[in-house]
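Notes follow once the structure below has been shown.
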Amino acid sequence: MSLVERVPYIDPDAYLAAEQSSDIRHEYVAGQLFAMAGAGEAHNRIAGNVFFHLRTTARGTPCGVFINDMKVKVQARDAFYYPDVLLTCDRDDGASLYKQAPCFIAEILSPSTEVIDRREKLIAYRTLSALRYYMLVSQERRQVELYSLDADGFWTHQVFEQDGEIEIQCGDLDIAFSLADVYEDVELAPQG
């Protein structure tokens, strides 16, 4: 015998309203809510470091840098996600609860989110016409992966493991930071 459970559809406006008063953050995909897990110290330090280096360059410009609590609306996937860090330089991207035109998104990988970040979000985020960079940062080892949209409209993939300068261009901003900047004050677990 099988059990059938009806899962209610949540309308995007109801989701946005409910999320304002919820103690738990939820991502929204096609009418369904998915609770977000909490983050540890390494995750927070890495996200803070990326935010800091973006914000330092973006100060005084029309670009906005957001960390953790700003949603990204992905219209093509009927989804709202909470990226760890995002940068938008689109003057028309002015909604107060979410952004639709980020040029850069960073996700800090964890065992519970890595598959979603590498597959579902990679596919969804790449439908955003303004997105030029998607960065995945390991919190278990010193490694950053950067997906970049090239001038011909193709996505390239770079892996930074020891050193290297991560360079991005969003709007009128030229931003560069190193792997050392990303992992500043972060204690990684010893690899066995």
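We name chains A, B, ... following the order of the structure tokens; residues begin at 1 in each chain, and ligands are numbered from 1 as shown.
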
Item checked: Long-range neighbours of region 155-160 of chain A as number ranges by chain, 10 Å cut-off, only C-alpha atoms, 3 positions minimum in chain -> A: 126, 132-137, 142-152, 163-166, 178-179

Write out as JSON lines a residue-level contact list of region 112-181 of chain A versus region 25-47 of chain A with cut-off 10 Å: for each qualifying residue the closest pair of atoms and the distance in Å to one decimal, counting only C-alpha atoms, rows sorted by chain and residue number upward.
```
{"residue": "A:Ser112", "atom": "CA", "partner": "A:Ala37", "partner_atom": "CA", "distance": 8.1}
{"residue": "A:Thr113", "atom": "CA", "partner": "A:Ala37", "partner_atom": "CA", "distance": 8.8}
{"residue": "A:Val137", "atom": "CA", "partner": "A:Ile46", "partner_atom": "CA", "distance": 8.1}
{"residue": "A:Ser138", "atom": "CA", "partner": "A:His43", "partner_atom": "CA", "distance": 8.8}
{"residue": "A:Gln139", "atom": "CA", "partner": "A:Ala42", "partner_atom": "CA", "distance": 6.2}
{"residue": "A:Glu140", "atom": "CA", "partner": "A:Ala42", "partner_atom": "CA", "distance": 8.7}
{"residue": "A:Asp181", "atom": "CA", "partner": "A:Ile46", "partner_atom": "CA", "distance": 8.9}
```

Notebook entry, point to check: Which of these residues is nearest to Ile67 (chain A), using only C-alpha atoms: A:Arg91, A:Arg55, A:Lys121, A:Arg6?
Noted result: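 Answer, going by the shortest atom-to-atom distance: A:Arg55.
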
Item checked: Filtered DSSP result for region 9-141 of chain A, state alpha helix (DSSP H), as a PyMOL selection string -> chain A and resi 12-21+41-58+114-115+122-125

Notebook entry, point to check: In Å, with one decimal, what is the gap from CA of Asp117 (chain A) to CA of Lys71 (chain A)?
Noted result: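 Computed distance, CA of Asp117 (chain A) to CA of Lys71 (chain A), equals 14.7 Å.
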
Next item on the list: Write out as a ChimeraX atom specification all residues of region 37-156 of chain A that backbone DSSP assigns to strand (DSSP E or B).
Entry: /A:64-67,71-74,79-81,85-88,98-99,102-109,133-138,144-149,155-156

Notebook entry, point to check: If we count only C-alpha atoms, what is near Ile175 (chain A) at a cut-off of 9 Å, once residues fewer than 6 positions away on the same chain are taken out, given as a ChimeraX atom specification?
Noted result: /A:53-54,57-58,166-169

Residue subset to file, keeping N, CA and C atoms, as a PDB file, in the first residue's frame:
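Heads up, here's the output in selection-v8.pdb:
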```pdb
ATOM      1  N   HIS A  53      36.315  41.988   0.418  1.00  0.00           N
ATOM      2  CA  HIS A  53      37.107  42.384  -0.748  1.00  0.00           C
ATOM      3  C   HIS A  53      36.231  42.946  -1.870  1.00  0.00           C
ATOM      4  N   LEU A  54      35.028  42.435  -2.015  1.00  0.00           N
ATOM      5  CA  LEU A  54      34.106  43.012  -2.996  1.00  0.00           C
ATOM      6  C   LEU A  54      33.630  44.390  -2.541  1.00  0.00           C
ATOM      7  N   THR A  57      36.007  47.429  -2.923  1.00  0.00           N
ATOM      8  CA  THR A  57      36.074  47.976  -4.275  1.00  0.00           C
ATOM      9  C   THR A  57      34.761  48.642  -4.682  1.00  0.00           C
ATOM     10  N   ALA A  58      33.650  48.135  -4.214  1.00  0.00           N
ATOM     11  CA  ALA A  58      32.338  48.641  -4.642  1.00  0.00           C
ATOM     12  C   ALA A  58      31.893  49.906  -3.909  1.00  0.00           C
ATOM     13  N   ILE A 166      42.260  35.956  -8.234  1.00  0.00           N
ATOM     14  CA  ILE A 166      40.913  35.809  -8.766  1.00  0.00           C
ATOM     15  C   ILE A 166      40.503  37.191  -9.251  1.00  0.00           C
ATOM     16  N   GLU A 167      40.233  37.310 -10.535  1.00  0.00           N
ATOM     17  CA  GLU A 167      39.906  38.607 -11.115  1.00  0.00           C
ATOM     18  C   GLU A 167      38.507  38.565 -11.710  1.00  0.00           C
ATOM     19  N   ILE A 168      37.717  39.577 -11.354  1.00  0.00           N
ATOM     20  CA  ILE A 168      36.373  39.684 -11.909  1.00  0.00           C
ATOM     21  C   ILE A 168      36.128  41.121 -12.351  1.00  0.00           C
ATOM     22  N   GLN A 169      35.251  41.265 -13.327  1.00  0.00           N
ATOM     23  CA  GLN A 169      34.848  42.578 -13.814  1.00  0.00           C
ATOM     24  C   GLN A 169      33.329  42.621 -13.826  1.00  0.00           C
TER      25      GLN A 169
END
```

Next item on the list: Using only C-alpha atoms, pick whichever of A:Ala95, A:Ala106, A:Ala189, A:Val50 has the shortest atom-to-atom distance to Phe177 (chain A).
Entry: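 Answer, going by the shortest atom-to-atom distance: A:Val50.
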
Margin query: Quick one: residues within 12 Å of Tyr125 (chain A), only C-alpha atoms, excluding same-chain residues fewer than 6 positions away - as a PyMOL selection string?
Written below: chain A and resi 72-83+86+99-107+116-119+131-135+147-149

Notebook entry, point to check: Nearest to Asp92 (chain A) among A:Gly48, A:Gly64, A:Gly153, A:Pro111, with distances taken over only C-alpha atoms: which residue is it?
Noted result: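 Selected residue with least distance to Asp92 (chain A): A:Gly64.
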
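Closest to Gly60 (chain A) among A:Val186, A:Leu97, A:Cys89, A:Ala14 is A:Cys89, based on only C-alpha atoms.
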
Notebook entry, point to check: Nearest to Leu109 (chain A) among A:Glu19, A:Arg141, A:Asp13, A:Phe154, with distances taken over only C-alpha atoms: which residue is it?
Noted result: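 Between A:Glu19, A:Arg141, A:Asp13, A:Phe154, the residue approaching Leu109 (chain A) most closely is A:Arg141.
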